[in-house]
Amino acid sequence: MITDAFDNTAKEMAELWGVPDFRFVMIPHPLASLSRSEIEQRVDEVIGKVTELIQQGQPD
Amino acid sequence: MATTPKGVVELSQAEGDVCIPINASEQIEICYARGWTDGLPVVPATRYLADEMLVGAGLVRDAIIAEMPSRKAAITADKIAINSVLAGCKPEYMPVVVAAVKALATPEFGLHHVAAALAGPTIVVLVNGPIASKLGINATNNVFGAGVRANATIGRAVRLILLNCLRYTPGVSDRSTMGTPGKYTCCIAENEQSHPWEPWHVSRGYSLEDSTVTLIAASTMIQIWHYGDAEQFTRSVGDAMSFLGSIAILGRTPGAVVIGGNYAVGIIVFLILVVINFVVVTKGAARVSEVTA
């Protein structure tokens, strides 16, 4: 899981590790300034995508 | 080896990415074309110059100095030597650059956070101990500024290694929003004779005779002027470290205070909590001579 400020970084890391099609969940940036309730809201927004990714797995 | 139409001879990638400077300006342009620079011209790295660097550090080409699994990188002595040539270092600077690379790779430093973060901190290379004066690393006037080869090139070598060996490319893996000029180079020494306190490396458990390198990830640098007493000075420092928007407030991270002269105080604010010490040479003058022989 990454924040959208680091989308290029994540793609570069995936290529570096030889898995260019690695799937990840992307959420809005930033995180550090969020309150507890805002973090919980983010979790609610993203949990579906996380679950779906875990169930689908990564490309072969 | 292949000869280009302009008569410039290039070595193959397998031979370590070094150039033969038939025409220096064309070789500099080749270095730009290959993406080996920080935006400024570099010194084309010949095999001879790189080998001189290795002699300066007492290392063989394929010695692995640091491994960074997250970047799938093992940094060899040769890569450090090549980048030190590119930066304009002298061979005797190599032990400092090598120690800095070792420090970069320690898990406690958290290099990926430092190198990739939006805050884009400078990596300050602080040198303590006898090697600082031996190499002529500036510790006095204009300590963070331009003009002294050792300061300019040691810090630059560290940055070039991040760019060329670890591929922290601006906009891709280096996500600094603003960055800082210190990302070109930032290397200073402590003027250990000029103040009544114990030197930084001694406070960290080393002896006066040890030479050390400390890396500091610094997101902001503030210079303040102060003419009052000690209490007023402390208030000024605290106020400068706690400005609105300071990363130190957001992240509750510490700062470092660099005190220079009677009238000016420079402050470095840490991005991250951890400061890494790394010993350049261990224990005394005898070991220094071993490394530099």
# chains A, B, ... in the order shown; residues from 1 in each chain; ligands from 1
>>> closest_atom_pairs(of="chain B", to="chain A", cutoff="12 Å", atoms="only C-alpha atoms", output="Markdown table")
| residue | atom | partner | partner_atom | distance |
| --- | --- | --- | --- | --- |
| B:Pro69 | CA | A:Trp17 | CA | 9.9 |
| B:Ser70 | CA | A:Met13 | CA | 8.4 |
| B:Arg71 | CA | A:Leu16 | CA | 7.2 |
| B:Lys72 | CA | A:Leu16 | CA | 7.2 |
| B:Ala73 | CA | A:Leu16 | CA | 9.9 |
| B:His112 | CA | A:Thr9 | CA | 10.6 |
| B:His113 | CA | A:Thr9 | CA | 11.5 |
| B:Ala115 | CA | A:Thr9 | CA | 11.1 |
| B:Ala116 | CA | A:Thr9 | CA | 7.8 |
| B:Ala117 | CA | A:Phe6 | CA | 8.8 |
| B:Leu118 | CA | A:Ala5 | CA | 8.1 |
| B:Ala119 | CA | A:Ala5 | CA | 11.8 |
| B:Leu166 | CA | A:Leu16 | CA | 10.5 |
| B:Arg167 | CA | A:Glu12 | CA | 9.6 |
| B:Tyr168 | CA | A:Thr9 | CA | 9.3 |
| B:Thr169 | CA | A:Thr9 | CA | 9.5 |
| B:Pro170 | CA | A:Thr9 | CA | 10.0 |
| B:Gly171 | CA | A:Asn8 | CA | 7.6 |
| B:Val172 | CA | A:Asn8 | CA | 5.2 |
| B:Ser173 | CA | A:Thr9 | CA | 4.5 |
| B:Asp174 | CA | A:Thr9 | CA | 7.5 |
| B:Arg175 | CA | A:Phe6 | CA | 7.0 |
| B:Ser176 | CA | A:Ala5 | CA | 10.0 |
| B:Thr177 | CA | A:Ala5 | CA | 9.7 |
| B:Gly245 | CA | A:Ser33 | CA | 11.6 |
| B:Ile247 | CA | A:Ala32 | CA | 10.7 |
| B:Ile249 | CA | A:Ser33 | CA | 11.0 |
| B:Leu250 | CA | A:Ser33 | CA | 7.4 |
| B:Gly251 | CA | A:Ala32 | CA | 7.9 |
| B:Arg252 | CA | A:Ala32 | CA | 11.3 |
>>> write_last_selection(atoms="C-alpha atoms", output="PDB file, in the first residue's frame")
ATOM      1  CA  PRO B  69      18.850  -5.100  -0.256  1.00  0.00           C
ATOM      2  CA  SER B  70      15.908  -2.754  -0.721  1.00  0.00           C
ATOM      3  CA  ARG B  71      17.669  -1.200  -3.700  1.00  0.00           C
ATOM      4  CA  LYS B  72      19.046  -4.543  -4.931  1.00  0.00           C
ATOM      5  CA  ALA B  73      22.451  -2.946  -4.700  1.00  0.00           C
ATOM      6  CA  HIS B 112      15.064   4.946   1.847  1.00  0.00           C
ATOM      7  CA  HIS B 113      12.965   7.262   3.985  1.00  0.00           C
ATOM      8  CA  ALA B 115      16.307   9.616   0.138  1.00  0.00           C
ATOM      9  CA  ALA B 116      12.748   9.187  -1.090  1.00  0.00           C
ATOM     10  CA  ALA B 117      10.741  11.428   1.253  1.00  0.00           C
ATOM     11  CA  LEU B 118       8.815  14.507   0.172  1.00  0.00           C
ATOM     12  CA  ALA B 119      10.743  16.553   2.720  1.00  0.00           C
ATOM     13  CA  LEU B 166      21.299   3.492  -5.695  1.00  0.00           C
ATOM     14  CA  ARG B 167      19.224   5.151  -8.431  1.00  0.00           C
ATOM     15  CA  TYR B 168      17.542   7.737  -6.262  1.00  0.00           C
ATOM     16  CA  THR B 169      16.499   9.673  -9.320  1.00  0.00           C
ATOM     17  CA  PRO B 170      14.720  13.009  -8.761  1.00  0.00           C
ATOM     18  CA  GLY B 171      11.035  12.720  -9.560  1.00  0.00           C
ATOM     19  CA  VAL B 172      11.073   8.931  -9.547  1.00  0.00           C
ATOM     20  CA  SER B 173      12.599   7.399  -6.447  1.00  0.00           C
ATOM     21  CA  ASP B 174      13.570  10.762  -4.919  1.00  0.00           C
ATOM     22  CA  ARG B 175      10.236  12.430  -4.312  1.00  0.00           C
ATOM     23  CA  SER B 176      11.419  15.684  -2.772  1.00  0.00           C
ATOM     24  CA  THR B 177       8.851  18.399  -3.329  1.00  0.00           C
ATOM     25  CA  GLY B 245       5.347  24.426   9.495  1.00  0.00           C
ATOM     26  CA  ILE B 247       8.875  19.266  10.205  1.00  0.00           C
ATOM     27  CA  ILE B 249       6.846  19.924  15.165  1.00  0.00           C
ATOM     28  CA  LEU B 250       4.926  17.620  12.850  1.00  0.00           C
ATOM     29  CA  GLY B 251       7.190  14.645  13.348  1.00  0.00           C
ATOM     30  CA  ARG B 252       8.405  15.514  16.846  1.00  0.00           C
TER      31      ARG B 252
END
>>> select_by_dssp(residues="stretch 23-58 of chain A", states="alpha helix (DSSP H)", output="PyMOL selection string")
chain A and resi 36-56
